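Participant: Dropping in start.json, which is JSON, C-alpha atoms and all ligand atoms:
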```json
[["chain", "number", "residue", "atom", "x", "y", "z"],
["A", 1, "ARG", "CA", 102.91, -267.65, -52.20],
["A", 2, "GLU", "CA", 100.28, -268.21, -49.62],
["A", 3, "LEU", "CA", 100.09, -264.66, -48.25],
["A", 4, "GLU", "CA", 99.83, -263.33, -51.77],
["A", 5, "ALA", "CA", 96.80, -265.49, -52.47],
["A", 6, "ASP", "CA", 95.21, -264.39, -49.20],
["A", 7, "LEU", "CA", 95.91, -260.75, -50.07],
["A", 8, "ARG", "CA", 94.18, -261.09, -53.40],
["A", 9, "VAL", "CA", 91.10, -262.30, -51.59],
["A", 10, "ALA", "CA", 91.28, -259.60, -48.89],
["A", 11, "LEU", "CA", 91.67, -256.89, -51.56],
["A", 12, "ARG", "CA", 88.51, -258.00, -53.29],
["A", 13, "GLY", "CA", 86.56, -256.59, -50.40],
["A", 14, "SER", "CA", 86.48, -257.76, -46.83],
["A", 15, "GLU", "CA", 86.97, -256.23, -43.44],
["A", 16, "GLU", "CA", 90.37, -257.81, -43.01],
["A", 17, "LEU", "CA", 92.07, -254.69, -44.38],
["A", 18, "PHE", "CA", 91.26, -251.48, -42.52],
["A", 19, "LEU", "CA", 92.76, -248.14, -41.62],
["A", 20, "VAL", "CA", 93.82, -246.76, -38.26],
["A", 21, "TYR", "CA", 94.50, -243.06, -37.84],
["A", 22, "GLN", "CA", 97.40, -241.45, -35.99],
["A", 23, "PRO", "CA", 96.81, -237.84, -34.92],
["A", 24, "LYS", "CA", 99.15, -234.98, -35.79],
["A", 25, "PHE", "CA", 99.38, -231.94, -33.53],
["A", 26, "ASP", "CA", 100.35, -228.36, -34.15],
["A", 27, "LEU", "CA", 103.37, -227.55, -31.98],
["A", 28, "GLY", "CA", 102.43, -223.96, -31.35],
["A", 29, "ARG", "CA", 98.81, -224.37, -30.29],
["A", 30, "ALA", "CA", 99.00, -228.06, -29.33],
["A", 31, "ASP", "CA", 95.74, -228.69, -31.27],
["A", 32, "PRO", "CA", 95.12, -231.80, -33.36],
["A", 33, "VAL", "CA", 95.49, -230.69, -36.99],
["A", 34, "GLY", "CA", 95.10, -233.89, -38.96],
["A", 35, "CYS", "CA", 96.08, -237.54, -39.07],
["A", 36, "GLU", "CA", 97.97, -240.21, -40.98],
["A", 37, "ALA", "CA", 96.00, -243.24, -42.18],
["A", 38, "LEU", "CA", 97.89, -246.49, -41.62],
["A", 39, "LEU", "CA", 96.80, -249.78, -43.09],
["A", 40, "ARG", "CA", 96.24, -252.89, -40.99],
["A", 41, "TRP", "CA", 95.60, -256.48, -42.02],
["A", 42, "ARG", "CA", 93.80, -258.82, -39.66],
["A", 43, "HIS", "CA", 94.54, -262.16, -41.25],
["A", 44, "PRO", "CA", 91.88, -264.78, -40.50],
["A", 45, "ARG", "CA", 94.42, -267.35, -39.25],
["A", 46, "ARG", "CA", 97.67, -265.47, -38.62],
["A", 47, "GLY", "CA", 96.30, -262.44, -36.82],
["A", 48, "MET", "CA", 97.68, -258.94, -37.40],
["A", 49, "ILE", "CA", 100.26, -258.65, -40.17],
["A", 50, "SER", "CA", 102.31, -255.45, -40.51],
["A", 51, "PRO", "CA", 102.15, -253.37, -43.70],
["A", 52, "ALA", "CA", 105.95, -253.50, -43.61],
["A", 53, "VAL", "CA", 105.44, -257.19, -44.50],
["A", 54, "PHE", "CA", 102.45, -257.18, -46.84],
["A", 55, "VAL", "CA", 102.86, -253.90, -48.76],
["A", 56, "PRO", "CA", 106.07, -255.17, -50.43],
["A", 57, "ILE", "CA", 104.22, -258.39, -51.34],
["A", 58, "THR", "CA", 101.47, -256.42, -53.09],
["A", 59, "GLU", "CA", 104.09, -254.40, -54.94],
["A", 60, "GLU", "CA", 105.87, -257.49, -56.22],
["A", 61, "ALA", "CA", 102.60, -259.18, -57.14],
["A", 62, "GLY", "CA", 101.37, -256.27, -59.25],
["A", 63, "LEU", "CA", 98.65, -255.46, -56.70],
["A", 64, "ALA", "CA", 99.91, -252.06, -55.59],
["A", 65, "ALA", "CA", 97.22, -250.13, -57.48],
["A", 66, "ASP", "CA", 94.48, -252.33, -56.01],
["A", 67, "LEU", "CA", 95.85, -251.72, -52.54],
["A", 68, "SER", "CA", 96.11, -247.96, -53.03],
["A", 69, "ARG", "CA", 92.63, -247.84, -54.51],
["A", 70, "LEU", "CA", 91.31, -249.51, -51.36],
["A", 71, "VAL", "CA", 93.29, -247.23, -49.03],
["A", 72, "LEU", "CA", 92.12, -244.10, -50.88],
["A", 73, "ARG", "CA", 88.52, -245.29, -50.88],
["A", 74, "LEU", "CA", 88.58, -245.99, -47.13],
["A", 75, "ALA", "CA", 90.37, -242.72, -46.33],
["A", 76, "CYS", "CA", 88.10, -240.55, -48.49],
["A", 77, "GLY", "CA", 85.04, -242.36, -47.13],
["A", 78, "GLN", "CA", 86.20, -241.53, -43.60],
["A", 79, "ILE", "CA", 86.81, -237.88, -44.51],
["A", 80, "ARG", "CA", 83.28, -237.78, -45.91],
["A", 81, "ALA", "CA", 81.81, -239.39, -42.78],
["A", 82, "TRP", "CA", 83.60, -236.82, -40.59],
["A", 83, "MET", "CA", 82.34, -233.99, -42.78],
["A", 84, "ALA", "CA", 78.80, -235.28, -42.25],
["A", 85, "GLN", "CA", 79.43, -234.89, -38.51],
["A", 86, "GLY", "CA", 80.66, -231.34, -39.00],
["A", 87, "LEU", "CA", 84.34, -232.25, -38.58],
["A", 88, "GLU", "CA", 87.03, -231.31, -41.07],
["A", 89, "VAL", "CA", 89.91, -233.70, -40.50],
["A", 90, "PRO", "CA", 92.74, -233.70, -43.04],
["A", 91, "VAL", "CA", 93.93, -237.27, -43.71],
["A", 92, "ALA", "CA", 97.34, -238.29, -45.07],
["A", 93, "VAL", "CA", 97.71, -241.58, -46.95],
["A", 94, "ASN", "CA", 100.90, -243.42, -47.87],
["A", 95, "LEU", "CA", 101.18, -244.17, -51.57],
["A", 96, "SER", "CA", 103.59, -246.58, -53.19],
["A", 97, "ALA", "CA", 106.42, -244.99, -55.17],
["A", 98, "GLN", "CA", 105.41, -247.15, -58.14],
["A", 99, "HIS", "CA", 102.43, -244.93, -58.90],
["A", 100, "PHE", "CA", 104.63, -241.93, -59.64],
["A", 101, "ALA", "CA", 106.30, -243.19, -62.80],
["A", 102, "GLY", "CA", 103.35, -241.85, -64.79],
["A", 103, "ASP", "CA", 99.86, -240.50, -64.14],
["A", 104, "GLN", "CA", 98.61, -243.45, -62.06],
["A", 105, "ALA", "CA", 98.82, -241.60, -58.74],
["A", 106, "LEU", "CA", 96.83, -238.70, -60.16],
["A", 107, "VAL", "CA", 94.17, -241.00, -61.61],
["A", 108, "LEU", "CA", 93.81, -243.03, -58.37],
["A", 109, "VAL", "CA", 93.54, -239.91, -56.22],
["A", 110, "GLN", "CA", 91.15, -238.09, -58.52],
["A", 111, "GLU", "CA", 88.84, -241.10, -58.76],
["A", 112, "ALA", "CA", 88.71, -241.51, -54.99],
["A", 113, "LEU", "CA", 88.02, -237.81, -54.34],
["A", 114, "VAL", "CA", 85.24, -237.68, -56.91],
["A", 115, "ALA", "CA", 83.64, -240.94, -55.77],
["A", 116, "ALA", "CA", 83.52, -239.78, -52.15],
["A", 117, "GLY", "CA", 82.71, -236.15, -52.92],
["A", 118, "VAL", "CA", 85.58, -234.91, -50.79],
["A", 119, "PRO", "CA", 87.53, -231.66, -51.32],
["A", 120, "ALA", "CA", 91.16, -232.19, -52.34],
["A", 121, "ARG", "CA", 92.40, -229.90, -49.58],
["A", 122, "LEU", "CA", 91.47, -232.53, -46.95],
["A", 123, "LEU", "CA", 93.69, -235.18, -48.53],
["A", 124, "GLU", "CA", 97.44, -235.38, -48.19],
["A", 125, "VAL", "CA", 99.66, -237.89, -49.98],
["A", 126, "GLU", "CA", 102.89, -239.15, -48.40],
["A", 127, "VAL", "CA", 105.64, -240.46, -50.64],
["A", 128, "THR", "CA", 109.21, -241.49, -49.90],
["A", 129, "GLU", "CA", 112.38, -240.49, -51.67],
["A", 130, "GLY", "CA", 111.92, -243.75, -53.59],
["A", 131, "VAL", "CA", 109.66, -241.94, -56.08],
["A", 132, "PHE", "CA", 112.73, -240.24, -57.54],
["A", 133, "ILE", "CA", 114.88, -243.30, -58.07],
["A", 134, "ARG", "CA", 113.60, -244.47, -61.43],
["A", 135, "ASN", "CA", 112.45, -241.34, -63.20],
["A", 136, "ALA", "CA", 112.86, -238.13, -61.25],
["A", 137, "ASP", "CA", 111.28, -235.92, -63.92],
["A", 138, "ALA", "CA", 108.16, -238.08, -64.19],
["A", 139, "ALA", "CA", 107.85, -238.09, -60.39],
["A", 140, "ARG", "CA", 108.18, -234.33, -60.22],
["A", 141, "GLU", "CA", 105.42, -233.96, -62.81],
["A", 142, "ALA", "CA", 103.14, -236.42, -61.00],
["A", 143, "LEU", "CA", 103.62, -234.58, -57.70],
["A", 144, "ALA", "CA", 103.00, -231.22, -59.34],
["A", 145, "ALA", "CA", 99.78, -232.54, -60.89],
["A", 146, "LEU", "CA", 98.52, -233.68, -57.47],
["A", 147, "ARG", "CA", 99.34, -230.31, -55.95],
["A", 148, "ALA", "CA", 97.56, -228.57, -58.82],
["A", 149, "LEU", "CA", 94.44, -230.53, -57.83],
["A", 150, "GLY", "CA", 94.76, -229.11, -54.33],
["A", 151, "VAL", "CA", 96.06, -232.27, -52.65],
["A", 152, "ARG", "CA", 98.93, -231.68, -50.24],
["A", 153, "VAL", "CA", 102.09, -233.67, -50.83],
["A", 154, "ALA", "CA", 104.47, -234.77, -48.07],
["A", 155, "LEU", "CA", 107.96, -236.24, -48.32],
["A", 156, "ASP", "CA", 107.96, -239.14, -45.84],
["A", 157, "ASP", "CA", 110.94, -240.61, -43.97],
["A", 158, "PHE", "CA", 113.04, -237.62, -44.98],
["A", 159, "GLY", "CA", 116.78, -238.11, -44.76],
["A", 160, "THR", "CA", 116.83, -241.91, -44.84],
["A", 161, "GLY", "CA", 117.10, -242.39, -48.60],
["A", 162, "TYR", "CA", 119.83, -240.93, -50.74],
["A", 163, "SER", "CA", 120.40, -237.88, -52.95],
["A", 164, "SER", "CA", 118.07, -236.05, -50.58],
["A", 165, "LEU", "CA", 119.02, -232.52, -51.58],
["A", 166, "SER", "CA", 119.05, -232.47, -55.37],
["A", 167, "TYR", "CA", 115.29, -232.93, -55.74],
["A", 168, "LEU", "CA", 114.25, -230.74, -52.81],
["A", 169, "GLN", "CA", 115.36, -227.65, -54.67],
["A", 170, "HIS", "CA", 112.56, -228.17, -57.18],
["A", 171, "LEU", "CA", 110.01, -227.76, -54.40],
["A", 172, "PRO", "CA", 107.51, -230.47, -55.19],
["A", 173, "PHE", "CA", 106.44, -230.72, -51.50],
["A", 174, "ASP", "CA", 104.12, -228.97, -49.08],
["A", 175, "VAL", "CA", 105.43, -230.94, -46.12],
["A", 176, "VAL", "CA", 108.68, -232.61, -45.14],
["A", 177, "LYS", "CA", 108.40, -235.39, -42.54],
["A", 178, "VAL", "CA", 111.51, -235.74, -40.41],
["A", 179, "ASP", "CA", 112.17, -239.45, -40.02],
["A", 180, "ARG", "CA", 111.92, -240.87, -36.54],
["A", 181, "ALA", "CA", 115.57, -241.94, -36.67],
["A", 182, "PHE", "CA", 116.48, -238.25, -36.25],
["A", 183, "VAL", "CA", 113.84, -237.61, -33.63],
["A", 184, "ARG", "CA", 115.23, -240.53, -31.61],
["A", 185, "ASP", "CA", 118.57, -238.70, -31.35],
["A", 186, "LEU", "CA", 117.01, -235.59, -29.82],
["A", 187, "ARG", "CA", 118.27, -236.46, -26.35],
["A", 188, "PRO", "CA", 120.42, -234.61, -23.87],
["A", 189, "GLY", "CA", 124.05, -235.20, -24.72],
["A", 190, "TYR", "CA", 123.31, -235.81, -28.39],
["A", 191, "GLY", "CA", 124.30, -232.39, -29.70],
["A", 192, "SER", "CA", 124.69, -233.73, -33.22],
["A", 193, "GLY", "CA", 121.09, -234.99, -33.24],
["A", 194, "VAL", "CA", 119.87, -231.48, -32.50],
["A", 195, "ARG", "CA", 122.07, -230.00, -35.21],
["A", 196, "VAL", "CA", 120.80, -232.40, -37.87],
["A", 197, "VAL", "CA", 117.13, -231.69, -37.12],
["A", 198, "ASP", "CA", 117.91, -227.97, -36.96],
["A", 199, "ALA", "CA", 119.40, -228.19, -40.46],
["A", 200, "ILE", "CA", 116.42, -230.13, -41.82],
["A", 201, "VAL", "CA", 113.92, -227.61, -40.38],
["A", 202, "ARG", "CA", 115.82, -224.65, -41.83],
["A", 203, "LEU", "CA", 116.20, -226.33, -45.19],
["A", 204, "ALA", "CA", 112.51, -227.25, -45.45],
["A", 205, "HIS", "CA", 111.33, -223.83, -44.28],
["A", 206, "GLY", "CA", 113.74, -222.13, -46.66],
["A", 207, "LEU", "CA", 112.09, -224.06, -49.47],
["A", 208, "GLY", "CA", 108.60, -223.12, -48.33],
["A", 209, "ALA", "CA", 107.61, -226.51, -46.87],
["A", 210, "GLN", "CA", 106.15, -227.23, -43.45],
["A", 211, "VAL", "CA", 107.95, -229.63, -41.14],
["A", 212, "VAL", "CA", 106.31, -232.56, -39.38],
["A", 213, "ALA", "CA", 108.39, -234.66, -36.97],
["A", 214, "GLU", "CA", 107.38, -238.29, -36.56],
["A", 215, "GLY", "CA", 108.16, -240.85, -33.90],
["A", 216, "VAL", "CA", 107.96, -238.45, -30.94],
["A", 217, "GLU", "CA", 108.04, -240.69, -27.86],
["A", 218, "LEU", "CA", 109.52, -238.48, -25.13],
["A", 219, "PRO", "CA", 108.67, -235.06, -23.67],
["A", 220, "GLU", "CA", 112.31, -233.98, -24.18],
["A", 221, "GLN", "CA", 111.97, -234.63, -27.90],
["A", 222, "LEU", "CA", 108.79, -232.58, -28.06],
["A", 223, "GLU", "CA", 110.49, -229.71, -26.27],
["A", 224, "ALA", "CA", 113.55, -229.87, -28.55],
["A", 225, "LEU", "CA", 111.30, -229.86, -31.64],
["A", 226, "ARG", "CA", 109.44, -226.83, -30.33],
["A", 227, "ARG", "CA", 112.70, -224.96, -29.82],
["A", 228, "LEU", "CA", 113.86, -225.91, -33.32],
["A", 229, "GLY", "CA", 110.73, -224.42, -34.91],
["A", 230, "CYS", "CA", 109.16, -227.63, -36.18],
["A", 231, "ASP", "CA", 105.52, -227.04, -37.23],
["A", 232, "SER", "CA", 103.80, -230.23, -36.14],
["A", 233, "VAL", "CA", 104.40, -233.56, -34.47],
["A", 234, "GLN", "CA", 103.25, -237.14, -34.51],
["A", 235, "GLY", "CA", 104.22, -240.04, -32.26],
["A", 236, "PHE", "CA", 103.32, -242.46, -29.50],
["A", 237, "LEU", "CA", 103.76, -239.72, -26.85],
["A", 238, "LEU", "CA", 100.81, -237.83, -28.33],
["A", 239, "GLY", "CA", 98.70, -240.57, -29.86],
["A", 240, "ARG", "CA", 99.04, -244.05, -31.30],
["A", 241, "PRO", "CA", 97.38, -245.08, -34.54],
["A", 242, "MET", "CA", 93.71, -245.49, -33.44],
["A", 243, "PRO", "CA", 90.26, -246.35, -34.71],
["A", 244, "PRO", "CA", 88.31, -243.44, -36.26],
["A", 245, "GLU", "CA", 85.93, -243.05, -33.29],
["A", 246, "GLU", "CA", 88.86, -242.35, -30.96],
["A", 247, "LEU", "CA", 90.37, -239.81, -33.30],
["A", 248, "GLU", "CA", 86.99, -238.15, -33.60],
["A", 249, "ALA", "CA", 86.90, -237.64, -29.83],
["A", 250, "LEU", "CA", 90.22, -235.74, -30.00],
["A", 251, "PHE", "CA", 88.87, -233.38, -32.64],
["A", 252, "ASP", "CA", 85.50, -233.02, -30.93],
["A", 253, "ALA", "CA", 87.20, -232.01, -27.69],
["A", 254, "GLY", "CA", 89.01, -229.24, -29.55],
["A", 255, "ARG", "CA", 85.97, -227.48, -30.93],
["B", 1, "LIG", "O1", 101.88, -248.50, -39.43],
["B", 1, "LIG", "P1", 103.20, -249.18, -39.43],
["B", 1, "LIG", "O2", 104.29, -248.54, -38.60],
["B", 1, "LIG", "O3", 103.10, -250.63, -39.10],
["B", 1, "LIG", "O4", 103.72, -249.09, -40.96],
["B", 1, "LIG", "C1", 104.81, -249.76, -41.41],
["B", 1, "LIG", "C2", 105.14, -249.27, -42.81],
["B", 1, "LIG", "O5", 104.02, -249.50, -43.69],
["B", 1, "LIG", "C3", 105.43, -247.78, -42.88],
["B", 1, "LIG", "O6", 106.55, -247.59, -43.74],
["B", 1, "LIG", "C4", 104.20, -247.20, -43.49],
["B", 1, "LIG", "O7", 104.49, -246.05, -44.26],
["B", 1, "LIG", "C5", 103.71, -248.33, -44.38],
["B", 1, "LIG", "N1", 102.26, -248.22, -44.62],
["B", 1, "LIG", "C6", 101.29, -248.13, -43.68],
["B", 1, "LIG", "N2", 100.08, -248.00, -44.26],
["B", 1, "LIG", "C7", 100.31, -247.99, -45.61],
["B", 1, "LIG", "C8", 99.46, -247.86, -46.75],
["B", 1, "LIG", "O8", 98.24, -247.69, -46.66],
["B", 1, "LIG", "N3", 100.04, -247.92, -47.98],
["B", 1, "LIG", "C9", 101.39, -248.08, -48.12],
["B", 1, "LIG", "N4", 101.89, -248.12, -49.37],
["B", 1, "LIG", "N5", 102.23, -248.18, -47.07],
["B", 1, "LIG", "C10", 101.69, -248.14, -45.82],
["B", 2, "LIG", "O1", 107.07, -244.83, -42.87],
["B", 2, "LIG", "P1", 105.98, -244.13, -42.12],
["B", 2, "LIG", "O2", 106.43, -242.86, -41.54],
["B", 2, "LIG", "O3", 104.69, -243.96, -42.91],
["B", 2, "LIG", "O4", 105.66, -245.10, -40.89],
["B", 2, "LIG", "C1", 104.63, -244.89, -40.03],
["B", 2, "LIG", "C2", 104.77, -245.92, -38.94],
["B", 2, "LIG", "O5", 105.41, -245.40, -37.78],
["B", 2, "LIG", "C3", 103.43, -246.45, -38.49],
["B", 2, "LIG", "O6", 103.43, -247.84, -38.64],
["B", 2, "LIG", "C4", 103.35, -246.14, -37.02],
["B", 2, "LIG", "O7", 102.79, -247.22, -36.31],
["B", 2, "LIG", "C5", 104.80, -245.92, -36.63],
["B", 2, "LIG", "N1", 104.92, -244.95, -35.56],
["B", 2, "LIG", "C6", 104.14, -243.89, -35.35],
["B", 2, "LIG", "N2", 104.52, -243.20, -34.23],
["B", 2, "LIG", "C7", 105.58, -243.86, -33.74],
["B", 2, "LIG", "C8", 106.42, -243.64, -32.60],
["B", 2, "LIG", "O8", 106.28, -242.70, -31.82],
["B", 2, "LIG", "N3", 107.43, -244.53, -32.43],
["B", 2, "LIG", "C9", 107.65, -245.59, -33.26],
["B", 2, "LIG", "N4", 108.66, -246.40, -32.98],
["B", 2, "LIG", "N5", 106.87, -245.82, -34.34],
["B", 2, "LIG", "C10", 105.85, -244.97, -34.59],
["B", 3, "MN", "MN", 104.01, -242.06, -43.53],
["B", 4, "NA", "NA", 108.22, -242.08, -41.77]]
```
Would you encode the structure as structure tokens?
Facilitator:
Amino acid sequence: RELEADLRVALRGSEELFLVYQPKFDLGRADPVGCEALLRWRHPRRGMISPAVFVPITEEAGLAADLSRLVLRLACGQIRAWMAQGLEVPVAVNLSAQHFAGDQALVLVQEALVAAGVPARLLEVEVTEGVFIRNADAAREALAALRALGVRVALDDFGTGYSSLSYLQHLPFDVVKVDRAFVRDLRPGYGSGVRVVDAIVRLAHGLGAQVVAEGVELPEQLEALRRLGCDSVQGFLLGRPMPPEELEALFDAGR
């Protein structure tokens, strides 16, 4: 396919693929506490193409590891650049579930950290429930190995997959990210939306994980999340995915 061929070229090194960074804020102190790196592709003829479109293409074409290698290199390079400016900004990257069938995720992450000279504690890895579909035991081991390195591990899009509870009891996560579908229902008159998020927060806290809510677009949602004891928040209300210089300004202002 045409996009696949273009992706192969872009992955070989170009500025077509780049990261934008969406800030995350602590709900108690309202400080920026980190960010999520999100990949963007500026195609030379078609303009911006969403990762929702091209990430699945890389996965089917056997290019997932190349893509993740690039994302990790860019993210760790940015962490390093911020460190050189005296800023410690934790960065979360999204990794394909494919890497968790064996030790590939560990190898990719370790290589990127070493190459950039970045401490593991500044990197967070986000995975979806999809990591557990094929081989749950292998995934659990891979996640444990990352955490043993000092990398934080987050469960992304929580509650949208299936069999959500059976694997949570084994505690392979530092962070649970409440999917924006649940945050959307935190509106007056939607009592059931509040009860679902309340249950997720209690469950995650009971298992020792922090809770990040994503997709916060309205002040009412922020207020509801505060009342429910959510730890941190991310969403268009607080900050869109942005270039690194803009994120820097947020962290600079806070020091
Ligand atoms: O940023 P945006 O909302 O367009 O992202 C759409 C989807 O693409 C989301 O599911 C997001 O997790 C995923 N995505 C964004 N960046 C990356 C990345 O670097 N690697 C992978 N595997 N997925 C990504
Ligand atoms: O699947 P994942 O959670 O990694 O997806 C992240 C995607 O969510 C990014 O593409 C980002 O652009 C998008 N996103 C971030 N904040 C918001 C928000 O407040 N509302 C909506 N609709 N999307 C958001
Ligand atoms: Mn994510
Ligand atoms: Na999500």
Participant: As a ChimeraX atom specification, please: the residues near Val176 (chain A) (cut-off 6 Å, all atoms listed in the file, same-chain neighbours under 6 positions excluded).
Facilitator: /A:154-155,211
Participant: Quick one, how far is CA of Glu36 (chain A) from CA of Arg187 (chain A)?
Facilitator: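 Spanning CA of Glu36 (chain A) to CA of Arg187 (chain A) is a straight-line distance of 25.3 Å.
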Participant: May I ask you to write as a VMD selection string all residues lying at most 8 Å from ligand LIG 2 (chain B), with all atoms listed in the file counted?
Facilitator: chain A and resid 22 36 38 50 to 52 94 126 156 to 157 177 179 to 180 214 to 217 234 to 237 239 to 241
Participant: Could you give me, as a PyMOL selection string, every polymer residue with an atom at most 9 Å away from an atom of ligand LIG 1 (chain B), counting only C-alpha atoms and all ligand atoms?
Facilitator: chain A and resi 18-20+36-40+49-56+59+64+67-68+70-72+93-97+126-128+156-157+241
Participant: Would you compute the distance between CA of Leu3 (chain A) and CA of Leu17 (chain A)? Give it in Å to one decimal.
Facilitator: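 The value is 13.4 Å.
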Participant: Could you tell me how far CA of Leu247 (chain A) sits from CA of Pro23 (chain A), in Å to one decimal place?
Facilitator: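 Calculated distance between CA of Pro23 (chain A) and CA of Leu247 (chain A) is 6.9 Å.
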Participant: Can you build me a table of region 31-123 of chain A residues sitting at most 7 Å from region 131-142 of chain A, with the closest atom pair per residue and its distance in Å to one decimal, using only C-alpha atoms, sorted by chain and residue number, as JSON lines?
Facilitator:
```
{"residue": "A:Ala97", "atom": "CA", "partner": "A:Val131", "partner_atom": "CA", "distance": 4.5}
{"residue": "A:Phe100", "atom": "CA", "partner": "A:Ala139", "partner_atom": "CA", "distance": 5.1}
{"residue": "A:Ala101", "atom": "CA", "partner": "A:Ala138", "partner_atom": "CA", "distance": 5.6}
{"residue": "A:Gly102", "atom": "CA", "partner": "A:Ala138", "partner_atom": "CA", "distance": 6.1}
{"residue": "A:Asp103", "atom": "CA", "partner": "A:Ala142", "partner_atom": "CA", "distance": 6.1}
{"residue": "A:Leu106", "atom": "CA", "partner": "A:Ala142", "partner_atom": "CA", "distance": 6.8}
```
Participant: Please produce a file of those selected residues containing C-alpha atoms, as a compact mmCIF listing (two decimals), in the frame of the given file.
Facilitator:
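The resulting file, selection.txt, is reproduced below:
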```
# COMPACT_ATOMS: atom_id res chain seq x y z
CA ALA A 97 106.42 -244.99 -55.17
CA PHE A 100 104.63 -241.93 -59.64
CA ALA A 101 106.30 -243.19 -62.80
CA GLY A 102 103.35 -241.85 -64.79
CA ASP A 103 99.86 -240.50 -64.14
CA LEU A 106 96.83 -238.70 -60.16
```
Participant: Which neighbours of Val114 (chain A) fall inside 12 Å, counting only C-alpha atoms, when residues of the same chain fewer than 5 positions from it are skipped, and could you give them as an MDAnalysis selection string?
Facilitator: chainID A and resid 72:73 76:77 80 107:109 119:120 149
Participant: Counting all atoms listed in the file, which residues have an atom no more than 6 Å from (95.5, -237.5, -42.4) in the file's coordinates? Please list them as an MDAnalysis selection string.
Facilitator: chainID A and resid 34:37 90:92
Participant: Using C-alpha atoms, can you export the residues from the last selection as an mmCIF file, keeping the file's coordinate frame?
Facilitator:
```
data_model
loop_
_atom_site.group_PDB
_atom_site.id
_atom_site.type_symbol
_atom_site.label_atom_id
_atom_site.label_comp_id
_atom_site.auth_asym_id
_atom_site.auth_seq_id
_atom_site.Cartn_x
_atom_site.Cartn_y
_atom_site.Cartn_z
ATOM 1 C CA GLY A 34 95.100 -233.890 -38.960
ATOM 2 C CA CYS A 35 96.080 -237.540 -39.070
ATOM 3 C CA GLU A 36 97.970 -240.210 -40.980
ATOM 4 C CA ALA A 37 96.000 -243.240 -42.180
ATOM 5 C CA PRO A 90 92.740 -233.700 -43.040
ATOM 6 C CA VAL A 91 93.930 -237.270 -43.710
ATOM 7 C CA ALA A 92 97.340 -238.290 -45.070
#
```
Participant: For Asp31 (chain A), find every residue with an atom within 9 Å (counting all atoms listed in the file), except residues of its own chain fewer than 5 positions away, and show them as a PDB file with C-alpha atoms, keeping the file's coordinate frame.
Facilitator:
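Saved to part_17.pdb:
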```
ATOM      1  CA  LYS A  24      99.150-234.980 -35.790  1.00  0.00           C
ATOM      2  CA  PHE A  25      99.380-231.940 -33.530  1.00  0.00           C
ATOM      3  CA  ASP A  26     100.350-228.360 -34.150  1.00  0.00           C
ATOM      4  CA  PHE A 251      88.870-233.380 -32.640  1.00  0.00           C
ATOM      5  CA  GLY A 254      89.010-229.240 -29.550  1.00  0.00           C
TER       6      GLY A 254
END
```
Participant: From the options A:Ala224, A:Ala112, A:Val118, A:Val151, which residue's atoms come nearest to Gly191 (chain A), counting only C-alpha atoms?
Facilitator: A:Ala224
Participant: With distances taken over only C-alpha atoms and all ligand atoms, which residue among A:Glu245, A:Asp252, A:Glu223, A:Glu129 lies nearest ligand MN 3 (chain B)?
Facilitator: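 Looking only at the distances to ligand MN 3 (chain B), the closest residue turns out to be A:Glu129.
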Participant: Given all atoms listed in the file as the basis, pick out the residue of A:Gln104, A:Gln169, A:Gln98, A:Ser14 nearest to Ala209 (chain A).
Facilitator: A:Gln169
Participant: Applying 10 Å and all atoms listed in the file, which residues near Gly28 (chain A) remain after dropping the ones on its own chain fewer than 5 positions away? List them as a PyMOL selection string.
Facilitator: chain A and resi 226+229-232
Participant: Between A:Val178, A:Leu218, A:Arg12, A:Ala5, single out the one closest to ligand MN 3 (chain B), counting only C-alpha atoms and all ligand atoms.
Facilitator: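 With only C-alpha atoms and all ligand atoms as the atom set, the closest residue is A:Val178.
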Participant: With distances taken over all atoms listed in the file, which of A:Ala253, A:Leu113, A:Val212, A:Pro188 is nearest to ligand MN 3 (chain B)?
Facilitator: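 The shortest atom-to-atom distance to ligand MN 3 (chain B) comes from A:Val212.
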Participant: Which is closest to His205 (chain A) among A:Ala81, A:Leu123, A:Val153, A:Leu228, if we use all atoms listed in the file?
Facilitator: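 Ranking A:Ala81, A:Leu123, A:Val153, A:Leu228 by distance to His205 (chain A), first place goes to A:Leu228.
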